[in-house]
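Data from run-v3.cif: mmCIF, C-alpha atoms
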```
data_structure
#
loop_
_atom_site.group_PDB
_atom_site.id
_atom_site.type_symbol
_atom_site.label_atom_id
_atom_site.label_comp_id
_atom_site.auth_asym_id
_atom_site.auth_seq_id
_atom_site.Cartn_x
_atom_site.Cartn_y
_atom_site.Cartn_z
ATOM 1 C CA MET A 1 -51.721 277.303 271.447
ATOM 2 C CA LEU A 2 -55.212 278.254 272.615
ATOM 3 C CA LYS A 3 -54.880 281.540 270.715
ATOM 4 C CA TRP A 4 -54.446 279.692 267.400
ATOM 5 C CA VAL A 5 -57.368 277.369 268.138
ATOM 6 C CA ARG A 6 -59.658 280.348 268.765
ATOM 7 C CA LYS A 7 -58.436 282.071 265.620
ATOM 8 C CA GLY A 8 -59.141 278.942 263.556
ATOM 9 C CA LEU A 9 -62.650 278.598 264.957
ATOM 10 C CA ARG A 10 -63.422 282.251 264.194
ATOM 11 C CA ALA A 11 -62.062 281.994 260.637
ATOM 12 C CA GLY A 12 -64.091 278.875 259.861
ATOM 13 C CA ILE A 13 -63.526 276.488 256.950
ATOM 14 C CA LYS A 14 -61.983 278.146 253.910
ATOM 15 C CA THR A 15 -62.688 275.752 251.063
ATOM 16 C CA THR A 16 -63.520 276.592 247.469
ATOM 17 C CA GLY A 17 -67.138 276.172 246.451
ATOM 18 C CA TYR A 18 -66.174 274.819 243.030
ATOM 19 C CA PRO A 19 -67.825 273.040 241.212
ATOM 20 C CA HIS A 20 -71.123 274.050 242.853
ATOM 21 C CA THR A 21 -70.246 277.746 242.570
ATOM 22 C CA ARG A 22 -67.823 279.598 240.352
ATOM 23 C CA GLU A 23 -64.484 280.403 241.968
ATOM 24 C CA SER A 24 -63.811 284.150 241.947
ATOM 25 C CA ALA A 25 -60.867 284.414 244.366
ATOM 26 C CA PRO A 26 -57.873 286.304 242.930
ATOM 27 C CA GLY A 27 -54.839 284.340 241.789
ATOM 28 C CA ILE A 28 -56.567 281.005 241.202
ATOM 29 C CA SER A 29 -55.555 280.920 237.516
ATOM 30 C CA PRO A 30 -52.784 282.506 235.444
ATOM 31 C CA GLY A 31 -55.067 282.681 232.409
ATOM 32 C CA ARG A 32 -53.889 281.894 228.898
ATOM 33 C CA PRO A 33 -53.671 283.482 225.434
ATOM 34 C CA ALA A 34 -56.804 283.617 223.314
ATOM 35 C CA ALA A 35 -57.280 283.723 219.543
ATOM 36 C CA MET A 36 -57.339 287.289 218.262
ATOM 37 C CA LEU A 37 -57.747 289.319 215.091
ATOM 38 C CA CYS A 38 -54.926 291.695 214.145
ATOM 39 C CA ASP A 39 -54.857 294.733 211.876
ATOM 40 C CA GLY A 40 -52.971 292.848 209.183
ATOM 41 C CA PRO A 41 -50.968 289.718 208.323
ATOM 42 C CA GLN A 42 -47.679 291.440 209.108
ATOM 43 C CA GLU A 43 -48.748 292.302 212.650
ATOM 44 C CA ALA A 44 -50.221 288.818 213.161
ATOM 45 C CA GLY A 45 -47.001 287.211 211.998
ATOM 46 C CA ALA A 46 -44.924 289.386 214.310
ATOM 47 C CA VAL A 47 -47.016 288.481 217.364
ATOM 48 C CA ALA A 48 -47.075 284.753 216.509
ATOM 49 C CA GLY A 49 -43.316 284.814 215.896
ATOM 50 C CA ARG A 50 -42.644 285.672 219.542
ATOM 51 C CA CYS A 51 -43.835 282.257 220.726
ATOM 52 C CA PRO A 52 -40.849 279.970 221.501
ATOM 53 C CA THR A 53 -42.895 276.743 221.419
ATOM 54 C CA GLY A 54 -44.897 277.248 218.219
ATOM 55 C CA ALA A 55 -48.188 277.514 220.105
ATOM 56 C CA LEU A 56 -49.196 280.594 218.084
ATOM 57 C CA SER A 57 -49.830 280.556 214.349
ATOM 58 C CA ASN A 58 -51.302 283.164 212.063
ATOM 59 C CA GLN A 59 -53.696 282.648 209.179
ATOM 60 C CA GLY A 60 -54.010 286.006 207.507
ATOM 61 C CA ASN A 61 -55.092 288.523 210.145
ATOM 62 C CA MET A 62 -56.080 285.840 212.665
ATOM 63 C CA ILE A 63 -53.784 284.409 215.350
ATOM 64 C CA ARG A 64 -54.735 280.931 216.550
ATOM 65 C CA VAL A 65 -53.527 279.271 219.750
ATOM 66 C CA ASP A 66 -52.529 275.648 220.252
ATOM 67 C CA HIS A 67 -52.999 275.444 224.021
ATOM 68 C CA ARG A 68 -51.421 271.987 224.029
ATOM 69 C CA ARG A 69 -48.036 273.637 223.419
ATOM 70 C CA CYS A 70 -48.457 276.929 225.309
ATOM 71 C CA VAL A 71 -46.142 277.258 228.342
ATOM 72 C CA HIS A 72 -47.470 280.645 229.576
ATOM 73 C CA CYS A 73 -44.115 282.355 229.075
ATOM 74 C CA GLY A 74 -45.853 285.690 228.423
ATOM 75 C CA ARG A 75 -43.680 286.726 225.471
ATOM 76 C CA CYS A 76 -46.779 287.311 223.355
ATOM 77 C CA ARG A 77 -47.885 289.984 225.870
ATOM 78 C CA GLN A 78 -44.606 291.864 226.280
ATOM 79 C CA ASP A 79 -45.187 294.289 223.400
ATOM 80 C CA HIS A 80 -47.955 296.497 224.781
ATOM 81 C CA GLU A 81 -48.699 297.972 221.347
ATOM 82 C CA HIS A 82 -49.390 294.546 219.844
ATOM 83 C CA ALA A 83 -50.098 292.437 222.928
ATOM 84 C CA MET A 84 -51.798 289.065 222.595
ATOM 85 C CA ALA A 85 -55.351 288.770 223.871
ATOM 86 C CA TRP A 86 -55.586 286.974 227.225
ATOM 87 C CA GLU A 87 -58.460 285.038 228.762
ATOM 88 C CA GLY A 88 -59.135 283.941 232.323
ATOM 89 C CA GLY A 89 -60.822 280.741 233.418
ATOM 90 C CA TYR A 90 -59.515 277.373 234.523
ATOM 91 C CA GLU A 91 -61.749 274.710 232.959
ATOM 92 C CA TRP A 92 -59.103 273.665 230.468
ATOM 93 C CA ALA A 93 -59.440 269.879 230.410
ATOM 94 C CA GLY A 94 -60.428 268.165 227.178
ATOM 95 C CA GLY A 95 -61.316 264.521 226.685
ATOM 96 C CA ARG A 96 -61.788 261.963 223.957
ATOM 97 C CA LYS A 97 -64.781 260.361 225.649
ATOM 98 C CA ALA A 98 -68.210 261.803 226.419
ATOM 99 C CA PRO A 99 -68.944 262.400 230.146
ATOM 100 C CA GLY A 100 -71.723 259.794 230.119
ATOM 101 C CA GLU A 101 -69.281 257.230 228.774
ATOM 102 C CA MET A 102 -67.105 257.647 231.838
ATOM 103 C CA ALA A 103 -69.827 258.068 234.456
ATOM 104 C CA ALA A 104 -70.925 254.439 234.749
ATOM 105 C CA ALA A 105 -67.764 253.165 236.445
ATOM 106 C CA PHE A 106 -66.472 256.303 238.156
ATOM 107 C CA SER A 107 -69.515 258.238 239.358
ATOM 108 C CA ARG A 108 -69.171 257.278 243.052
ATOM 109 C CA SER A 109 -65.485 257.743 243.921
ATOM 110 C CA LEU A 110 -62.074 257.884 242.297
ATOM 111 C CA HIS A 111 -58.721 256.636 243.513
ATOM 112 C CA ILE A 112 -55.844 258.498 241.895
ATOM 113 C CA ARG A 113 -52.246 257.406 241.328
ATOM 114 C CA ILE A 114 -49.791 260.224 240.586
ATOM 115 C CA LEU A 115 -46.747 259.530 238.420
ATOM 116 C CA ASP A 116 -43.785 261.790 237.649
ATOM 117 C CA ALA A 117 -42.662 261.090 234.074
ATOM 118 C CA GLY A 118 -39.752 263.532 234.152
ATOM 119 C CA ALA A 119 -41.584 266.690 235.234
ATOM 120 C CA CYS A 120 -39.744 269.859 236.278
ATOM 121 C CA GLY A 121 -41.787 270.039 239.483
ATOM 122 C CA ALA A 122 -44.272 272.792 238.606
ATOM 123 C CA CYS A 123 -47.179 270.494 237.689
ATOM 124 C CA LEU A 124 -46.448 268.261 240.683
ATOM 125 C CA SER A 125 -46.617 271.317 242.934
ATOM 126 C CA GLU A 126 -50.088 272.135 241.583
ATOM 127 C CA ILE A 127 -51.192 268.504 241.951
ATOM 128 C CA LYS A 128 -50.103 268.641 245.586
ATOM 129 C CA GLN A 129 -52.484 271.543 246.183
ATOM 130 C CA ILE A 130 -55.647 269.620 245.302
ATOM 131 C CA SER A 131 -55.481 267.680 248.574
ATOM 132 C CA SER A 132 -54.943 270.849 250.628
ATOM 133 C CA PRO A 133 -57.784 272.208 252.814
ATOM 134 C CA TYR A 134 -58.709 274.882 250.269
ATOM 135 C CA TYR A 135 -59.355 272.507 247.354
ATOM 136 C CA ASN A 136 -60.063 269.385 249.459
ATOM 137 C CA ILE A 137 -60.660 266.699 246.824
ATOM 138 C CA HIS A 138 -61.993 264.324 249.487
ATOM 139 C CA ARG A 139 -65.279 266.266 249.608
ATOM 140 C CA LEU A 140 -65.810 265.257 245.955
ATOM 141 C CA GLY A 141 -65.054 261.589 246.554
ATOM 142 C CA PHE A 142 -61.512 261.712 245.132
ATOM 143 C CA PHE A 143 -58.654 260.006 246.967
ATOM 144 C CA ILE A 144 -54.929 259.630 246.259
ATOM 145 C CA THR A 145 -53.558 256.098 246.458
ATOM 146 C CA PRO A 146 -49.890 255.048 246.646
ATOM 147 C CA THR A 147 -50.348 251.941 244.511
ATOM 148 C CA PRO A 148 -51.602 251.514 240.935
ATOM 149 C CA ARG A 149 -53.307 248.255 241.916
ATOM 150 C CA THR A 150 -56.134 250.194 243.592
ATOM 151 C CA ALA A 151 -56.130 253.192 241.226
ATOM 152 C CA ASP A 152 -58.922 254.216 238.864
ATOM 153 C CA VAL A 153 -57.098 257.207 237.406
ATOM 154 C CA LEU A 154 -53.441 257.701 236.504
ATOM 155 C CA LEU A 155 -52.407 261.357 236.778
ATOM 156 C CA VAL A 156 -49.157 261.847 234.829
ATOM 157 C CA ALA A 157 -46.935 264.932 234.689
ATOM 158 C CA GLY A 158 -43.806 265.358 232.591
ATOM 159 C CA PRO A 159 -42.795 264.868 228.935
ATOM 160 C CA LEU A 160 -41.985 261.159 229.409
ATOM 161 C CA THR A 161 -38.227 260.931 229.600
ATOM 162 C CA ASP A 162 -36.637 257.688 228.392
ATOM 163 C CA PRO A 163 -35.900 256.324 231.915
ATOM 164 C CA MET A 164 -39.588 256.759 232.862
ATOM 165 C CA ARG A 165 -41.077 254.956 229.859
ATOM 166 C CA LEU A 166 -40.904 251.476 231.404
ATOM 167 C CA PRO A 167 -42.172 252.596 234.857
ATOM 168 C CA LEU A 168 -45.146 254.284 233.179
ATOM 169 C CA GLU A 169 -45.956 251.173 231.159
ATOM 170 C CA ARG A 170 -45.746 248.967 234.251
ATOM 171 C CA CYS A 171 -47.835 251.353 236.338
ATOM 172 C CA TYR A 172 -50.550 251.459 233.684
ATOM 173 C CA ALA A 173 -50.507 247.672 233.287
ATOM 174 C CA ALA A 174 -50.903 247.180 237.057
ATOM 175 C CA MET A 175 -54.103 249.236 237.201
ATOM 176 C CA PRO A 176 -57.373 247.266 237.134
ATOM 177 C CA ASP A 177 -59.927 247.860 234.380
ATOM 178 C CA PRO A 178 -61.696 250.143 233.777
ATOM 179 C CA LYS A 179 -59.036 252.826 234.097
ATOM 180 C CA ARG A 180 -58.368 256.332 232.847
ATOM 181 C CA VAL A 181 -55.200 258.326 232.125
ATOM 182 C CA VAL A 182 -54.995 262.097 232.583
ATOM 183 C CA ALA A 183 -52.066 264.020 231.049
ATOM 184 C CA VAL A 184 -51.222 267.019 233.250
ATOM 185 C CA GLY A 185 -49.539 270.041 231.698
ATOM 186 C CA ALA A 186 -48.084 270.947 228.325
ATOM 187 C CA CYS A 187 -45.170 268.516 228.719
ATOM 188 C CA ALA A 188 -47.372 265.473 229.300
ATOM 189 C CA VAL A 189 -49.757 266.580 226.555
ATOM 190 C CA SER A 190 -47.320 267.455 223.761
ATOM 191 C CA GLY A 191 -43.761 267.256 225.081
ATOM 192 C CA GLY A 192 -43.670 270.977 225.872
ATOM 193 C CA ILE A 193 -40.226 272.553 225.582
ATOM 194 C CA PHE A 194 -38.499 269.218 226.222
ATOM 195 C CA GLY A 195 -39.917 266.958 223.539
ATOM 196 C CA PRO A 196 -39.863 265.435 221.123
ATOM 197 C CA SER A 197 -36.106 265.167 221.571
ATOM 198 C CA PHE A 198 -33.338 262.640 222.114
ATOM 199 C CA ALA A 199 -34.262 262.469 225.820
ATOM 200 C CA ALA A 200 -38.054 262.898 225.923
ATOM 201 C CA ALA A 201 -41.144 261.927 223.978
ATOM 202 C CA ALA A 202 -43.827 264.180 222.513
ATOM 203 C CA GLY A 203 -46.128 263.548 225.451
ATOM 204 C CA ILE A 204 -47.219 260.440 227.316
ATOM 205 C CA SER A 205 -49.688 259.370 224.601
ATOM 206 C CA GLN A 206 -46.712 257.788 222.816
ATOM 207 C CA CYS A 207 -46.574 255.243 225.645
ATOM 208 C CA VAL A 208 -50.086 254.856 227.126
ATOM 209 C CA PRO A 209 -53.580 255.799 225.883
ATOM 210 C CA VAL A 210 -54.644 259.231 227.179
ATOM 211 C CA ASP A 211 -58.286 259.904 227.993
ATOM 212 C CA ILE A 212 -58.118 263.524 229.194
ATOM 213 C CA GLU A 213 -55.576 266.276 228.585
ATOM 214 C CA ILE A 214 -55.030 269.338 230.777
ATOM 215 C CA PRO A 215 -52.954 271.982 228.978
ATOM 216 C CA GLY A 216 -51.049 274.655 230.887
ATOM 217 C CA CYS A 217 -47.591 275.177 232.326
ATOM 218 C CA PRO A 218 -48.567 274.402 234.969
ATOM 219 C CA PRO A 219 -52.356 274.031 234.972
ATOM 220 C CA PRO A 220 -53.936 275.472 238.142
ATOM 221 C CA PRO A 221 -55.531 273.185 240.765
ATOM 222 C CA LEU A 222 -59.060 273.988 239.584
ATOM 223 C CA ALA A 223 -58.122 272.752 236.102
ATOM 224 C CA LEU A 224 -57.107 269.470 237.721
ATOM 225 C CA LEU A 225 -60.436 269.290 239.566
ATOM 226 C CA HIS A 226 -62.242 269.973 236.292
ATOM 227 C CA ALA A 227 -60.468 267.009 234.670
ATOM 228 C CA LEU A 228 -61.278 264.664 237.561
ATOM 229 C CA LEU A 229 -64.916 265.770 237.477
ATOM 230 C CA MET A 230 -64.923 264.930 233.769
ATOM 231 C CA VAL A 231 -63.639 261.428 234.561
ATOM 232 C CA ALA A 232 -66.461 261.040 237.091
ATOM 233 C CA GLY A 233 -68.997 262.202 234.500
ATOM 234 C CA LYS A 234 -69.990 265.192 236.656
ATOM 235 C CA THR A 235 -69.072 267.943 234.210
ATOM 236 C CA LYS A 236 -68.323 268.569 230.545
ATOM 237 C CA GLN A 237 -65.371 270.049 228.753
ATOM 238 C CA THR A 238 -65.790 273.710 227.878
#
```
Would it be possible to restate this file's structure as C-alpha coordinates?
Amino acid sequence: MLKWVRKGLRAGIKTTGYPHTRESAPGISPGRPAAMLCDGPQEAGAVAGRCPTGALSNQGNMIRVDHRRCVHCGRCRQDHEHAMAWEGGYEWAGGRKAPGEMAAAFSRSLHIRILDAGACGACLSEIKQISSPYYNIHRLGFFITPTPRTADVLLVAGPLTDPMRLPLERCYAAMPDPKRVVAVGACAVSGGIFGPSFAAAAGISQCVPVDIEIPGCPPPPLALLHALLMVAGKTKQT
(Lines of atoms letter the chains of each structure in order from A and count residues from 1; the text may use other names and numbers.)
(Lines give C-alpha, C1' and ligand atoms only; values in the text may rest on other atoms or scores of the structure.)
Protein backbone atom coordinates (compact mmCIF):
# COMPACT_ATOMS: atom_id res chain seq x y z
CA MET A 1 0.00 0.00 0.00
CA LEU A 2 2.81 2.40 0.91
CA LYS A 3 4.42 1.69 -2.47
CA TRP A 4 1.35 3.01 -4.32
CA VAL A 5 1.15 6.09 -2.10
CA ARG A 6 4.78 6.96 -2.87
CA LYS A 7 4.23 6.38 -6.57
CA GLY A 8 1.20 8.70 -6.55
CA LEU A 9 3.10 11.45 -4.75
CA ARG A 10 5.98 11.22 -7.24
CA ALA A 11 3.64 11.29 -10.25
CA GLY A 12 1.76 14.35 -8.99
CA ILE A 13 -1.61 15.59 -10.23
CA LYS A 14 -2.31 14.71 -13.85
CA THR A 15 -5.10 17.06 -14.87
CA THR A 16 -5.62 18.73 -18.23
CA GLY A 17 -4.77 22.41 -18.40
CA TYR A 18 -7.74 23.14 -20.67
CA PRO A 19 -9.18 25.78 -21.04
CA HIS A 20 -6.21 27.83 -19.79
CA THR A 21 -3.82 25.97 -22.10
CA ARG A 22 -4.41 23.97 -25.25
CA GLU A 23 -4.57 20.21 -24.74
CA SER A 24 -1.94 18.43 -26.83
CA ALA A 25 -2.00 14.92 -25.32
CA PRO A 26 -2.48 12.15 -27.90
CA GLY A 27 -5.86 10.47 -28.19
CA ILE A 28 -7.96 13.26 -26.70
CA SER A 29 -10.07 13.63 -29.87
CA PRO A 30 -10.95 11.37 -32.79
CA GLY A 31 -11.10 14.35 -35.14
CA ARG A 32 -13.76 14.74 -37.81
CA PRO A 33 -14.10 15.20 -41.58
CA ALA A 34 -13.51 18.64 -43.04
CA ALA A 35 -14.84 20.30 -46.19
CA MET A 36 -12.57 19.64 -49.16
CA LEU A 37 -12.16 20.42 -52.84
CA CYS A 38 -11.96 17.47 -55.25
CA ASP A 39 -10.59 17.20 -58.77
CA GLY A 40 -14.07 17.04 -60.26
CA PRO A 41 -17.79 16.56 -59.57
CA GLN A 42 -17.57 12.83 -60.24
CA GLU A 43 -14.89 12.31 -57.60
CA ALA A 44 -16.74 14.56 -55.13
CA GLY A 45 -19.94 12.61 -55.66
CA ALA A 46 -18.17 9.30 -55.14
CA VAL A 47 -16.63 10.41 -51.84
CA ALA A 48 -19.89 11.95 -50.56
CA GLY A 49 -21.79 8.80 -51.58
CA ARG A 50 -19.84 6.71 -49.07
CA CYS A 51 -21.48 8.46 -46.11
CA PRO A 52 -24.27 6.28 -44.62
CA THR A 53 -25.93 9.16 -42.72
CA GLY A 54 -26.02 11.84 -45.42
CA ALA A 55 -23.53 14.04 -43.57
CA LEU A 56 -21.53 14.63 -46.77
CA SER A 57 -22.89 16.45 -49.80
CA ASN A 58 -21.17 17.69 -52.91
CA GLN A 59 -21.75 20.95 -54.76
CA GLY A 60 -19.69 20.71 -57.90
CA ASN A 61 -16.10 19.98 -56.89
CA MET A 62 -16.68 20.87 -53.23
CA ILE A 63 -17.67 18.39 -50.51
CA ARG A 64 -19.45 19.94 -47.54
CA VAL A 65 -19.92 18.33 -44.13
CA ASP A 66 -22.99 18.43 -41.91
CA HIS A 67 -21.32 17.65 -38.58
CA ARG A 68 -24.73 17.36 -36.93
CA ARG A 69 -25.21 14.03 -38.75
CA CYS A 70 -21.62 12.72 -38.86
CA VAL A 71 -21.09 9.54 -36.79
CA HIS A 72 -17.31 9.22 -37.39
CA CYS A 73 -17.68 5.87 -39.14
CA GLY A 74 -14.57 6.56 -41.24
CA ARG A 75 -16.00 5.30 -44.53
CA CYS A 76 -15.07 8.57 -46.23
CA ARG A 77 -11.40 7.85 -45.40
CA GLN A 78 -11.21 4.20 -46.47
CA ASP A 79 -10.29 4.91 -50.10
CA HIS A 80 -6.73 6.19 -49.77
CA GLU A 81 -6.72 7.53 -53.33
CA HIS A 82 -9.74 9.75 -52.69
CA ALA A 83 -9.75 10.01 -48.89
CA MET A 84 -11.78 12.71 -47.17
CA ALA A 85 -9.88 15.52 -45.49
CA TRP A 86 -9.74 15.18 -41.70
CA GLU A 87 -9.31 17.83 -39.02
CA GLY A 88 -8.34 17.58 -35.37
CA GLY A 89 -9.62 19.73 -32.54
CA TYR A 90 -12.37 19.28 -29.99
CA GLU A 91 -14.14 22.64 -29.60
CA TRP A 92 -17.21 21.46 -31.47
CA ALA A 93 -20.05 22.99 -29.46
CA GLY A 94 -22.35 25.50 -31.13
CA GLY A 95 -25.02 27.62 -29.50
CA ARG A 96 -27.99 29.77 -30.37
CA LYS A 97 -27.19 32.37 -27.72
CA ALA A 98 -24.19 34.68 -27.41
CA PRO A 99 -21.79 33.89 -24.51
CA GLY A 100 -22.61 37.20 -22.80
CA GLU A 101 -26.29 36.31 -22.87
CA MET A 102 -25.61 33.22 -20.80
CA ALA A 103 -22.94 34.61 -18.49
CA ALA A 104 -25.17 36.65 -16.18
CA ALA A 105 -26.85 33.69 -14.48
CA PHE A 106 -24.23 30.96 -14.87
CA SER A 107 -20.83 32.64 -14.51
CA ARG A 108 -20.15 31.40 -10.95
CA SER A 109 -21.05 27.69 -10.93
CA LEU A 110 -23.17 25.17 -12.80
CA HIS A 111 -25.12 22.19 -11.54
CA ILE A 112 -25.64 19.59 -14.24
CA ARG A 113 -28.35 16.94 -14.59
CA ILE A 114 -27.55 14.11 -17.02
CA LEU A 115 -30.39 12.37 -18.85
CA ASP A 116 -30.27 9.28 -21.06
CA ALA A 117 -32.86 9.71 -23.83
CA GLY A 118 -32.21 6.32 -25.43
CA ALA A 119 -28.45 6.57 -25.97
CA CYS A 120 -26.33 3.58 -27.01
CA GLY A 121 -23.90 4.25 -24.16
CA ALA A 122 -21.01 5.87 -26.05
CA CYS A 123 -21.91 9.49 -25.23
CA LEU A 124 -22.70 8.55 -21.63
CA SER A 125 -19.25 6.97 -21.35
CA GLU A 126 -17.65 10.23 -22.48
CA ILE A 127 -19.84 12.25 -20.10
CA LYS A 128 -18.66 10.02 -17.26
CA GLN A 129 -15.06 11.00 -18.01
CA ILE A 130 -15.54 14.71 -17.33
CA SER A 131 -15.72 14.09 -13.57
CA SER A 132 -12.59 11.91 -13.61
CA PRO A 133 -9.32 13.26 -12.14
CA TYR A 134 -7.90 14.08 -15.58
CA TYR A 135 -10.73 16.39 -16.68
CA ASN A 136 -11.96 17.31 -13.16
CA ILE A 137 -14.93 19.58 -13.87
CA HIS A 138 -15.05 20.63 -10.21
CA ARG A 139 -12.01 22.87 -10.73
CA LEU A 140 -14.14 24.89 -13.18
CA GLY A 141 -17.10 25.20 -10.83
CA PHE A 142 -19.19 22.50 -12.53
CA PHE A 143 -21.02 19.89 -10.44
CA ILE A 144 -23.28 16.95 -11.30
CA THR A 145 -26.58 16.80 -9.43
CA PRO A 146 -28.96 13.82 -9.18
CA THR A 147 -32.11 15.94 -9.26
CA PRO A 148 -33.42 18.39 -11.87
CA ARG A 149 -34.80 20.61 -9.10
CA THR A 150 -31.29 21.93 -8.37
CA ALA A 151 -29.96 21.76 -11.95
CA ASP A 152 -28.93 24.70 -14.12
CA VAL A 153 -28.03 22.62 -17.16
CA LEU A 154 -29.66 19.53 -18.64
CA LEU A 155 -27.13 17.35 -20.48
CA VAL A 156 -29.04 14.97 -22.78
CA ALA A 157 -27.67 12.06 -24.82
CA GLY A 158 -29.64 9.85 -27.20
CA PRO A 159 -32.05 10.34 -30.12
CA LEU A 160 -35.12 10.65 -27.86
CA THR A 161 -36.89 7.33 -28.05
CA ASP A 162 -40.66 7.36 -27.54
CA PRO A 163 -40.54 5.97 -23.95
CA MET A 164 -38.15 8.78 -22.93
CA ARG A 165 -40.19 11.68 -24.30
CA LEU A 166 -42.33 12.12 -21.18
CA PRO A 167 -39.40 11.73 -18.72
CA LEU A 168 -37.47 14.39 -20.65
CA GLU A 169 -40.42 16.78 -20.59
CA ARG A 170 -40.91 16.26 -16.85
CA CYS A 171 -37.21 16.64 -16.11
CA TYR A 172 -37.06 19.91 -18.05
CA ALA A 173 -40.22 21.21 -16.37
CA ALA A 174 -38.81 20.46 -12.90
CA MET A 175 -35.70 22.59 -13.47
CA PRO A 176 -35.82 26.13 -12.07
CA ASP A 177 -35.40 29.13 -14.37
CA PRO A 178 -33.08 30.17 -15.87
CA LYS A 179 -32.02 26.85 -17.36
CA ARG A 180 -30.11 25.56 -20.36
CA VAL A 181 -30.27 22.35 -22.42
CA VAL A 182 -27.21 20.81 -24.06
CA ALA A 183 -27.67 18.12 -26.74
CA VAL A 184 -24.74 15.67 -26.60
CA GLY A 185 -23.79 13.74 -29.71
CA ALA A 186 -25.18 13.29 -33.20
CA CYS A 187 -28.22 11.35 -31.95
CA ALA A 188 -29.37 14.08 -29.57
CA VAL A 189 -28.62 16.76 -32.15
CA SER A 190 -30.23 15.26 -35.27
CA GLY A 191 -31.40 11.73 -34.50
CA GLY A 192 -28.19 10.19 -35.83
CA ILE A 193 -28.61 6.73 -37.34
CA PHE A 194 -31.72 6.06 -35.25
CA GLY A 195 -34.02 8.94 -36.12
CA PRO A 196 -36.28 10.19 -37.34
CA SER A 197 -37.97 6.79 -37.29
CA PHE A 198 -40.96 4.97 -35.84
CA ALA A 199 -39.08 4.59 -32.53
CA ALA A 200 -37.01 7.78 -32.20
CA ALA A 201 -37.23 11.48 -32.92
CA ALA A 202 -34.89 13.63 -35.01
CA GLY A 203 -33.10 14.89 -31.92
CA ILE A 204 -34.24 16.22 -28.57
CA SER A 205 -35.15 19.66 -29.97
CA GLN A 206 -38.49 18.13 -31.00
CA CYS A 207 -39.33 17.87 -27.29
CA VAL A 208 -37.43 20.61 -25.40
CA PRO A 209 -35.66 23.82 -26.51
CA VAL A 210 -31.94 23.23 -27.11
CA ASP A 211 -29.43 25.97 -26.33
CA ILE A 212 -26.15 24.26 -27.27
CA GLU A 213 -25.39 21.33 -29.56
CA ILE A 214 -22.29 19.13 -29.42
CA PRO A 215 -21.92 17.05 -32.59
CA GLY A 216 -19.85 13.87 -32.65
CA CYS A 217 -20.36 10.16 -32.16
CA PRO A 218 -19.40 10.38 -29.41
CA PRO A 219 -17.99 13.86 -28.74
CA PRO A 220 -14.79 13.73 -26.65
CA PRO A 221 -14.75 14.99 -23.04
CA LEU A 222 -13.05 18.26 -24.01
CA ALA A 223 -15.94 18.99 -26.39
CA LEU A 224 -18.27 18.60 -23.41
CA LEU A 225 -16.13 20.99 -21.35
CA HIS A 226 -16.20 23.47 -24.23
CA ALA A 227 -20.01 23.39 -24.24
CA LEU A 228 -20.24 23.89 -20.47
CA LEU A 229 -17.79 26.78 -20.67
CA MET A 230 -20.04 28.30 -23.33
CA VAL A 231 -23.02 28.02 -20.97
CA ALA A 232 -20.97 29.80 -18.29
CA GLY A 233 -20.05 32.54 -20.76
CA LYS A 234 -16.33 31.74 -20.41
CA THR A 235 -15.64 30.87 -24.04
CA LYS A 236 -17.06 31.23 -27.54
CA GLN A 237 -17.99 28.75 -30.20
CA THR A 238 -15.30 28.24 -32.82
I'd like a table as a Markdown table: residues in region 61-91 of chain A with an atom no more than 8 Å from region 172-188 of chain A, each row giving the shortest atom pair and its distance in Å to one decimal, all atoms listed in the file counted, sorted by chain and rising residue number.
```
| residue | atom | partner | partner_atom | distance |
| --- | --- | --- | --- | --- |
| A:His67 | CA | A:Ala186 | CA | 7.9 |
| A:Arg68 | CA | A:Ala186 | CA | 5.5 |
| A:Arg69 | CA | A:Ala186 | CA | 5.6 |
| A:Cys70 | CA | A:Ala186 | CA | 6.7 |
| A:Val71 | CA | A:Ala186 | CA | 6.6 |
```
Got time to write the residues from that selection, C-alpha atoms, as a short mmCIF file (atom, residue, chain, number, x, y, z; two decimals), in the coordinates of the input?
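This went into out-v9.cif:
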```
data_model
loop_
_atom_site.label_atom_id
_atom_site.label_comp_id
_atom_site.auth_asym_id
_atom_site.auth_seq_id
_atom_site.Cartn_x
_atom_site.Cartn_y
_atom_site.Cartn_z
CA HIS A 67 -53.00 275.44 224.02
CA ARG A 68 -51.42 271.99 224.03
CA ARG A 69 -48.04 273.64 223.42
CA CYS A 70 -48.46 276.93 225.31
CA VAL A 71 -46.14 277.26 228.34
#
```
List the spatial neighbours of Ala151 (chain A) as a PyMOL selection string - criterion: any atom at most 7 Å away, all atoms listed in the file, same-chain residues fewer than 2 positions off excluded.
chain A and resi 111-113+145+147-149+153+175
Considering all atoms listed in the file, tabulate each residue of region 157-197 of chain A that lies at most 12 Å from region 45-52 of chain A along with its nearest interatomic pair and the corresponding distance in Å to one decimal; arrange the rows by chain and ascending residue number and present them as a Markdown table.
```
| residue | atom | partner | partner_atom | distance |
| --- | --- | --- | --- | --- |
| A:Gly192 | CA | A:Pro52 | CA | 10.4 |
| A:Ile193 | CA | A:Pro52 | CA | 8.5 |
| A:Phe194 | CA | A:Pro52 | CA | 12.0 |
```
Let me know the centre plus edge lengths, in Å and rounded to one decimal, of a box with edges along x, y and z that contains all listed atoms of region 201-209 of chain A and is padded by 5 Å on every side, as JSON.
```
{"center_x": -47.4, "center_y": 259.5, "center_z": 224.9, "size_x": 22.4, "size_y": 19.3, "size_z": 14.8}
```
For the file shown, report as a PyMOL selection string the outcome of the PyMOL selection byres ((chain A and resi 59) around 12) at residue level.
chain A and resi 35-38+40-45+48+56-58+60-65
Take the PyMOL selection byres ((chain A and resi 79-87) around 7), apply it to the structure above, and return the hits as an MDAnalysis selection string.
chainID A and resid 31:36 47 76:78 88:89
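Here CA of Val156 (chain A) is placed at a distance of 10.7 Å from CA of Ile212 (chain A).
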Any chance you could work out the residue set of the PyMOL selection byres ((chain A and resi 115-122) around 9) here, as a count of residues only?
29
